[in-house]
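J.: My structure is stored as upload_10.cif, with mmCIF, C-alpha atoms.
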```cif
data_work
loop_
_atom_site.label_atom_id
_atom_site.label_comp_id
_atom_site.auth_asym_id
_atom_site.auth_seq_id
_atom_site.Cartn_x
_atom_site.Cartn_y
_atom_site.Cartn_z
CA MET A 1 -43.64 337.55 98.05
CA ILE A 2 -45.90 338.42 95.09
CA CYS A 3 -49.58 337.54 95.25
CA ILE A 4 -51.74 338.07 92.15
CA LYS A 5 -55.46 337.35 92.55
CA GLY A 6 -58.08 337.45 89.80
CA VAL A 7 -56.35 340.14 87.75
CA THR A 8 -58.24 341.20 84.65
CA LYS A 9 -57.08 343.93 82.28
CA ARG A 10 -58.96 345.22 79.25
CA PHE A 11 -57.88 347.61 76.54
CA GLY A 12 -61.25 348.58 75.14
CA ARG A 13 -62.90 345.34 74.05
CA PHE A 14 -59.61 343.44 74.04
CA VAL A 15 -59.03 341.28 77.12
CA ALA A 16 -55.27 341.33 77.77
CA LEU A 17 -55.50 339.48 81.10
CA ASP A 18 -58.40 337.21 82.01
CA ASN A 19 -58.77 336.46 85.72
CA VAL A 20 -55.08 335.67 86.30
CA SER A 21 -53.99 334.36 89.71
CA LEU A 22 -50.41 333.58 90.69
CA ASP A 23 -48.29 333.32 93.85
CA ILE A 24 -44.51 333.77 93.73
CA GLU A 25 -42.51 332.83 96.81
CA ARG A 26 -39.37 334.49 98.12
CA GLY A 27 -36.24 333.38 96.27
CA GLN A 28 -38.03 331.86 93.29
CA ALA A 29 -37.01 332.58 89.69
CA VAL A 30 -40.21 332.62 87.65
CA ALA A 31 -40.37 332.97 83.88
CA LEU A 32 -43.42 334.11 81.94
CA TRP A 33 -43.52 332.22 78.65
CA GLY A 34 -45.82 332.67 75.67
CA SER A 35 -46.23 334.17 72.24
CA ASN A 36 -46.48 337.90 71.52
CA GLY A 37 -49.79 339.22 72.81
CA ALA A 38 -50.19 336.46 75.42
CA GLY A 39 -50.26 339.04 78.24
CA LYS A 40 -46.77 338.66 79.72
CA THR A 41 -45.70 342.31 79.68
CA THR A 42 -49.17 343.45 80.73
CA LEU A 43 -48.98 341.19 83.80
CA LEU A 44 -45.59 342.65 84.73
CA ARG A 45 -46.90 346.21 84.40
CA CYS A 46 -49.97 345.43 86.49
CA THR A 47 -47.70 343.94 89.15
CA LEU A 48 -45.72 347.19 89.12
CA GLY A 49 -48.93 349.19 89.50
CA LEU A 50 -48.31 350.98 86.20
CA LEU A 51 -51.65 349.91 84.72
CA SER A 52 -55.15 349.98 86.17
CA PHE A 53 -56.80 346.57 86.50
CA ARG A 54 -59.49 344.59 88.27
CA GLY A 55 -58.36 342.17 90.93
CA GLU A 56 -55.61 342.39 93.54
CA VAL A 57 -51.81 342.43 93.51
CA THR A 58 -49.71 342.59 96.67
CA VAL A 59 -45.93 342.66 97.04
CA ASN A 60 -44.80 341.38 100.43
CA GLY A 61 -48.29 342.20 101.68
CA VAL A 62 -48.33 345.74 100.23
CA ASP A 63 -51.22 346.51 97.86
CA VAL A 64 -49.77 347.96 94.64
CA ARG A 65 -52.91 349.98 93.84
CA ARG A 66 -53.45 351.53 97.25
CA ARG A 67 -49.79 351.89 98.25
CA GLY A 68 -47.97 351.97 94.96
CA LYS A 69 -44.78 353.74 96.03
CA PRO A 70 -44.04 351.51 99.06
CA ALA A 71 -44.73 348.45 96.89
CA ARG A 72 -42.40 349.64 94.11
CA ARG A 73 -39.58 350.18 96.62
CA LEU A 74 -39.48 346.40 96.87
CA LEU A 75 -39.11 346.00 93.10
CA GLY A 76 -36.25 346.56 90.69
CA TYR A 77 -37.53 346.81 87.11
CA VAL A 78 -35.69 346.46 83.78
CA PRO A 79 -37.99 347.23 80.81
CA GLN A 80 -37.53 345.76 77.37
CA GLU A 81 -36.97 349.18 75.81
CA LEU A 82 -34.32 351.10 77.75
CA ALA A 83 -34.57 354.88 78.10
CA PHE A 84 -31.47 356.81 79.16
CA TYR A 85 -30.22 360.33 78.54
CA ASP A 86 -27.50 359.52 76.03
CA ASP A 87 -25.43 362.61 76.91
CA PHE A 88 -25.13 361.55 80.55
CA ARG A 89 -21.94 359.88 81.61
CA VAL A 90 -22.46 356.47 83.19
CA ALA A 91 -21.80 357.74 86.73
CA GLU A 92 -24.17 360.68 86.12
CA ALA A 93 -26.93 358.35 84.93
CA VAL A 94 -26.59 356.20 88.04
CA ALA A 95 -26.55 359.29 90.31
CA PHE A 96 -29.63 360.69 88.55
CA PHE A 97 -31.70 357.58 89.19
CA ALA A 98 -30.30 357.33 92.72
CA ARG A 99 -31.73 360.78 93.48
CA LEU A 100 -35.10 359.73 92.05
CA LYS A 101 -35.08 356.63 94.24
CA GLY A 102 -33.84 358.50 97.31
CA THR A 103 -30.74 356.38 97.82
CA ASP A 104 -27.22 357.42 98.75
CA ARG A 105 -23.71 357.11 97.31
CA THR A 106 -23.40 353.57 98.64
CA GLY A 107 -26.16 352.47 96.31
CA CYS A 108 -24.42 354.16 93.36
CA VAL A 109 -21.13 352.39 94.06
CA ARG A 110 -22.91 349.05 94.43
CA ALA A 111 -24.82 349.57 91.16
CA LEU A 112 -21.64 350.32 89.20
CA GLN A 113 -19.87 347.33 90.70
CA LEU A 114 -22.75 344.96 89.96
CA ALA A 115 -22.93 346.25 86.38
CA GLY A 116 -19.17 345.87 85.99
CA LEU A 117 -18.97 349.44 84.69
CA GLU A 118 -16.58 351.07 87.18
CA GLN A 119 -13.93 351.45 84.48
CA HIS A 120 -16.51 352.99 82.14
CA ARG A 121 -18.01 355.45 84.62
CA HIS A 122 -16.79 358.46 82.62
CA LYS A 123 -18.11 357.22 79.27
CA ARG A 124 -21.25 358.77 77.86
CA VAL A 125 -24.22 356.42 77.71
CA ARG A 126 -24.35 356.69 73.91
CA GLU A 127 -20.84 355.20 73.76
CA LEU A 128 -21.87 351.98 75.51
CA SER A 129 -22.59 348.76 73.67
CA GLY A 130 -26.02 347.18 73.90
CA GLY A 131 -24.77 344.72 76.49
CA MET A 132 -23.26 347.48 78.61
CA LYS A 133 -26.52 349.47 78.50
CA GLN A 134 -28.46 346.40 79.64
CA ARG A 135 -25.98 345.89 82.49
CA LEU A 136 -26.36 349.56 83.40
CA ALA A 137 -30.15 349.11 83.53
CA LEU A 138 -29.74 346.10 85.82
CA GLY A 139 -27.38 348.05 88.06
CA ILE A 140 -29.88 350.92 88.31
CA ALA A 141 -32.67 348.45 89.11
CA THR A 142 -30.64 347.28 92.13
CA LEU A 143 -29.85 350.77 93.47
CA THR A 144 -32.03 350.29 96.55
CA ASP A 145 -31.10 346.59 96.88
CA PRO A 146 -34.72 345.45 96.29
CA PRO A 147 -35.64 341.87 97.15
CA ILE A 148 -37.46 341.39 93.82
CA LEU A 149 -36.18 341.90 90.28
CA MET A 150 -38.63 342.15 87.38
CA LEU A 151 -37.31 342.01 83.83
CA ASP A 152 -39.12 342.22 80.49
CA GLU A 153 -37.23 340.26 77.78
CA PRO A 154 -33.88 341.23 79.35
CA THR A 155 -31.69 339.79 76.57
CA SER A 156 -33.85 340.45 73.51
CA ASN A 157 -31.50 343.08 72.03
CA LEU A 158 -28.18 341.47 72.97
CA ASP A 159 -25.70 339.38 71.05
CA ALA A 160 -24.51 335.99 72.36
CA ALA A 161 -21.70 337.46 74.45
CA GLY A 162 -23.95 340.11 75.99
CA ARG A 163 -26.60 337.49 76.81
CA SER A 164 -24.06 335.28 78.56
CA GLU A 165 -22.76 338.16 80.69
CA LEU A 166 -26.22 339.32 81.71
CA LEU A 167 -27.45 335.80 82.49
CA ALA A 168 -24.40 335.23 84.68
CA GLN A 169 -25.18 338.40 86.63
CA LEU A 170 -28.83 337.42 87.06
CA ALA A 171 -27.85 333.92 88.18
CA GLU A 172 -25.55 335.47 90.78
CA LEU A 173 -28.34 337.71 92.07
CA ARG A 174 -30.69 334.74 92.22
CA GLY A 175 -28.03 332.90 94.20
CA ARG A 176 -28.03 335.74 96.72
CA GLY A 177 -31.72 335.09 97.39
CA LYS A 178 -33.30 337.64 95.06
CA THR A 179 -36.74 336.81 93.70
CA VAL A 180 -36.63 337.06 89.90
CA PHE A 181 -39.78 337.50 87.79
CA PHE A 182 -39.13 337.83 84.07
CA THR A 183 -40.50 337.36 80.57
CA SER A 184 -38.53 335.60 77.85
CA HIS A 185 -38.91 333.85 74.51
CA ARG A 186 -35.51 332.13 74.65
CA PRO A 187 -35.67 328.52 75.92
CA GLU A 188 -32.00 328.41 76.94
CA GLU A 189 -32.51 331.55 79.03
CA VAL A 190 -35.52 330.07 80.81
CA GLU A 191 -33.71 326.79 81.46
CA GLU A 192 -30.68 328.58 82.91
CA LEU A 193 -32.49 331.06 85.16
CA ALA A 194 -35.95 329.79 86.05
CA ASN A 195 -37.02 327.11 88.47
CA ARG A 196 -40.65 327.69 87.47
CA VAL A 197 -42.24 328.51 84.11
CA ILE A 198 -45.67 330.11 83.74
CA THR A 199 -47.04 329.67 80.21
CA MET A 200 -49.64 332.19 79.05
CA GLU A 201 -52.04 332.14 76.12
CA SER A 202 -54.63 334.80 75.30
CA GLY A 203 -54.32 336.44 78.70
CA ARG A 204 -54.66 333.23 80.71
CA ILE A 205 -52.24 330.92 82.52
CA VAL A 206 -52.31 327.53 80.81
CA SER A 207 -49.31 325.87 82.46
CA ASP A 208 -47.27 326.16 85.65
CA ALA A 209 -44.30 323.78 85.66
CA ALA A 210 -40.56 323.35 86.00
CA PRO A 211 -38.63 324.25 82.79
CA ALA A 212 -38.01 320.66 81.62
CA ARG A 213 -41.61 319.56 82.15
CA ASN A 214 -42.87 322.71 80.46
CA ALA A 215 -40.74 322.10 77.41
CA GLY A 216 -41.95 318.52 77.13
CA ALA A 217 -45.59 319.48 77.47
CA ALA A 218 -45.26 321.96 74.63
CA ALA A 219 -44.01 319.43 72.07
CA SER A 220 -45.65 319.64 68.63
CA PRO A 221 -45.19 318.21 65.13
CA SER A 222 -42.08 319.10 63.20
CA VAL A 223 -42.39 321.54 60.31
CA GLU A 224 -40.55 321.87 57.01
CA VAL A 225 -40.50 325.27 55.31
CA ARG A 226 -39.51 325.64 51.64
CA ILE A 227 -38.46 329.04 50.34
CA PRO A 228 -36.75 330.46 47.25
CA HIS A 229 -32.97 329.97 47.41
CA ALA A 230 -32.37 333.71 47.06
CA CYS A 231 -34.25 334.33 50.29
CA LEU A 232 -32.53 331.66 52.40
CA ASP A 233 -30.05 333.98 54.15
CA GLN A 234 -32.77 336.53 54.92
CA ALA A 235 -35.06 333.82 56.34
CA LEU A 236 -32.33 332.38 58.56
CA GLY A 237 -31.45 335.86 59.80
CA ALA A 238 -35.09 336.45 60.76
CA LEU A 239 -35.21 333.12 62.61
CA ARG A 240 -32.02 333.89 64.54
CA ALA A 241 -33.35 337.35 65.44
CA GLU A 242 -36.34 335.63 67.07
CA GLY A 243 -34.12 333.40 69.18
CA PHE A 244 -33.98 330.23 67.08
CA THR A 245 -30.70 328.37 66.68
CA THR A 246 -29.90 327.49 63.05
CA ARG A 247 -27.11 325.63 61.32
CA LEU A 248 -26.40 325.19 57.61
CA ALA A 249 -26.87 321.78 56.02
CA ALA A 250 -26.14 320.40 52.57
CA ASP A 251 -29.73 320.82 51.41
CA GLY A 252 -30.72 323.92 53.37
CA ALA A 253 -30.57 324.59 57.10
CA ALA A 254 -31.63 322.90 60.32
CA VAL A 255 -33.60 324.83 62.94
CA GLU A 256 -33.86 324.01 66.64
CA CYS A 257 -37.44 324.84 67.53
CA ARG A 258 -38.37 326.40 70.85
CA ASN A 259 -40.50 323.49 71.97
CA GLY A 260 -37.78 320.90 71.46
CA CYS A 261 -38.88 319.53 68.07
CA ASN A 262 -36.70 319.90 64.99
CA GLY A 263 -37.38 321.93 61.88
CA HIS A 264 -35.82 322.16 58.47
CA VAL A 265 -35.58 325.04 56.01
CA SER A 266 -35.00 323.98 52.40
CA PRO A 267 -34.21 326.14 49.38
CA SER A 268 -36.69 325.86 46.53
CA ALA A 269 -37.04 327.44 43.11
CA THR A 270 -40.79 327.69 43.55
CA GLU A 271 -42.96 330.01 45.61
CA PRO A 272 -42.76 329.58 49.42
CA ARG A 273 -44.89 326.84 50.92
CA THR A 274 -45.12 325.18 54.32
CA GLU A 275 -45.44 321.44 54.86
CA GLY A 276 -46.41 319.91 58.18
CA ARG A 277 -45.13 316.43 58.99
CA LEU A 278 -45.87 314.32 62.01
CA PRO A 279 -42.69 313.27 63.88
#
```
Just give me the structure as structure tokens.
T.:
Amino acid sequence: MICIKGVTKRFGRFVALDNVSLDIERGQAVALWGSNGAGKTTLLRCTLGLLSFRGEVTVNGVDVRRRGKPARRLLGYVPQELAFYDDFRVAEAVAFFARLKGTDRTGCVRALQLAGLEQHRHKRVRELSGGMKQRLALGIATLTDPPILMLDEPTSNLDAAGRSELLAQLAELRGRGKTVFFTSHRPEEVEELANRVITMESGRIVSDAAPARNAGAAASPSVEVRIPHACLDQALGALRAEGFTTRLAADGAAVECRNGCNGHVSPSATEPRTEGRLP
């Protein structure tokens, strides 16, 4: 369905993608996993034909550089940062993008139904919650009923309830046979949606595995972080914002690390310091 061969992308002297090759079959749900700057979003944008690159990318046999528009008709894209006209009503926003995509009223009705926003069609976009806006973006991405969905950190700005709703919708679309290609830094999201995880580091693919095997391969020593007591709440808030699960304990807080190991945050009256301990 998607064939990526030897893709290299440079921004000046910086190599964002270094000879990346990847095949994604019809119906697969593939997650791109890695730290910030690993090349995940750049690879998505090259696949969409939004960035120039060396190498070759085809979507269902269509070259994205030579025949960009036909290739993008096969793709529904949800970016990490959403951009809507806030004064539009929901139905107007869907109709606007439908005209851009050249689809008819049937596509608009389907998009609103998939997003679960029929009852909110007369609301202005600025009145929607973050979860509703993300659902609207997913509905718009499916206007032409594309066989492939591409999503960049689809739940990064959502609360727990919004994440659950969106993941349920994506799981339903995957169940209908859609190919899903997405980036994420949330392990529970990857485990729920993906049947294949591509781990990237410094613009290269370093692992291609099922979610459970990928998590096990990434295991590393546990870490204890000591911080001033006055900063404990702020530190835990920052960890939760990055997708970590935390829970308070008698002597600080426990942190569930992304790679499956356990961490511990302890209050201290001294300056912050980090201690590494082998499990």
J.: Given all atoms listed in the file, how would the per-residue table for region 101-218 of chain A near region 84-91 of chain A read, listing every residue at most 7 Å away with its closest atom pair and distance in Å to one decimal, sorted by chain and number, as a Markdown table?
T.:
```
| residue | atom | partner | partner_atom | distance |
| --- | --- | --- | --- | --- |
| A:His120 | CA | A:Val90 | CA | 7.0 |
| A:Arg121 | CA | A:Val90 | CA | 4.8 |
| A:His122 | CA | A:Arg89 | CA | 5.4 |
| A:Lys123 | CA | A:Arg89 | CA | 5.2 |
| A:Arg124 | CA | A:Arg89 | CA | 4.0 |
| A:Val125 | CA | A:Asp86 | CA | 4.8 |
| A:Arg126 | CA | A:Asp86 | CA | 4.7 |
```
J.: Report the distance between CA of Val20 (chain A) and CA of Arg66 (chain A) in Å, rounded to one decimal place.
T.: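 Interatomic distance, CA of Val20 (chain A) to CA of Arg66 (chain A): 19.3 Å.
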J.: How far is it from CA of Leu117 (chain A) to CA of Lys133 (chain A), in Å with one decimal?
T.: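 Between CA of Leu117 (chain A) and CA of Lys133 (chain A) the gap is 9.8 Å.
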J.: What is the CA of Arg176 (chain A) to CA of Thr142 (chain A) distance in Å?
T.: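 Pair CA of Arg176 (chain A) / CA of Thr142 (chain A) returns 12.7 Å.
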J.: Write out as a list of chain:residue names each polymer residue whose atoms come within 12 Å of Asp63 (chain A), counting only C-alpha atoms; drop sequence neighbours fewer than 2 positions from it.
T.: A:Met1, A:Ile2, A:Cys3, A:Ile4, A:Lys5, A:Cys46, A:Thr47, A:Leu48, A:Gly49, A:Gly55, A:Glu56, A:Val57, A:Thr58, A:Val59, A:Asn60, A:Gly61, A:Arg65, A:Arg66, A:Arg67, A:Gly68, A:Lys69, A:Pro70, A:Ala71, A:Arg72, A:Leu74
J.: Which residues would end up in the selection if the PyMOL selection byres ((chain A and resi 178) around 9) were applied here, given that I need the answer as an NGL selection string?
T.: :A and (26-29 or 146-149 or 173-177 or 179-180)
J.: Dump C-alpha atoms for the selected residues as a tab-separated table (two decimals), in the frame of the given file?
T.:
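Everything below was put into again.tsv:
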```
chain	number	residue	atom	x	y	z
A	26	ARG	CA	-39.37	334.49	98.12
A	27	GLY	CA	-36.24	333.38	96.27
A	28	GLN	CA	-38.03	331.86	93.29
A	29	ALA	CA	-37.01	332.58	89.69
A	146	PRO	CA	-34.72	345.45	96.29
A	147	PRO	CA	-35.64	341.87	97.15
A	148	ILE	CA	-37.46	341.39	93.82
A	149	LEU	CA	-36.18	341.90	90.28
A	173	LEU	CA	-28.34	337.71	92.07
A	174	ARG	CA	-30.69	334.74	92.22
A	175	GLY	CA	-28.03	332.90	94.20
A	176	ARG	CA	-28.03	335.74	96.72
A	177	GLY	CA	-31.72	335.09	97.39
A	179	THR	CA	-36.74	336.81	93.70
A	180	VAL	CA	-36.63	337.06	89.90
```
J.: May I have the protein, DNA and RNA residues with an atom at most 10 Å from (-32.7, 331.5, 76.5), counting all atoms listed in the file in the file's coordinates, returned as a PyMOL selection string?
T.: chain A and resi 153+155-156+163-164+167+184-193+243-244+258
J.: Please, which residues are within 8 Å of (-42.4, 345.5, 83.4) by the file's coordinates, counting only C-alpha atoms, and could they come as a list in words?
T.: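 Output: Thr41, Thr42, Leu43, Leu44, Arg45, Thr47, Leu48, Tyr77, Val78, Pro79, Gln80, Met150, Leu151 and Asp152 of chain A.
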J.: Can you list, as a list in words, the residues that the PyMOL selection byres ((chain A and resi 95-112) around 8) selects here?
T.: Ala91, Glu92, Ala93, Val94, Gln113, Leu114, Ala115, Gly116, Leu117, Glu118, Arg121, Leu136, Gly139, Ile140, Thr142, Leu143, Thr144 and Asp145 of chain A
J.: Translate the PyMOL selection byres ((chain A and resi 39) around 8) into a concrete residue list for this structure, as a PDB file with C-alpha atoms, in the frame of the given file.
T.:
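Result file is expr09.pdb:
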```pdb
ATOM      1  CA  ALA A  16     -55.270 341.330  77.770  1.00  0.00           C
ATOM      2  CA  LEU A  17     -55.500 339.480  81.100  1.00  0.00           C
ATOM      3  CA  ASN A  36     -46.480 337.900  71.520  1.00  0.00           C
ATOM      4  CA  GLY A  37     -49.790 339.220  72.810  1.00  0.00           C
ATOM      5  CA  ALA A  38     -50.190 336.460  75.420  1.00  0.00           C
ATOM      6  CA  LYS A  40     -46.770 338.660  79.720  1.00  0.00           C
ATOM      7  CA  THR A  41     -45.700 342.310  79.680  1.00  0.00           C
ATOM      8  CA  THR A  42     -49.170 343.450  80.730  1.00  0.00           C
ATOM      9  CA  LEU A  43     -48.980 341.190  83.800  1.00  0.00           C
ATOM     10  CA  MET A 200     -49.640 332.190  79.050  1.00  0.00           C
ATOM     11  CA  GLU A 201     -52.040 332.140  76.120  1.00  0.00           C
ATOM     12  CA  SER A 202     -54.630 334.800  75.300  1.00  0.00           C
ATOM     13  CA  GLY A 203     -54.320 336.440  78.700  1.00  0.00           C
ATOM     14  CA  ARG A 204     -54.660 333.230  80.710  1.00  0.00           C
TER      15      ARG A 204
END
```
J.: Of the candidates A:Leu50, A:Leu166, A:Gly237, A:Ala210, which shows the shortest atom-to-atom distance to Val197 (chain A), using all atoms listed in the file?
T.: A:Ala210
J.: Considering all atoms listed in the file, state which residue in the set A:Ser129, A:Thr8, A:Ser35, A:Ser21 is at the smallest distance from Ser52 (chain A).
T.: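 Looking only at the distances to Ser52 (chain A), the closest residue turns out to be A:Thr8.
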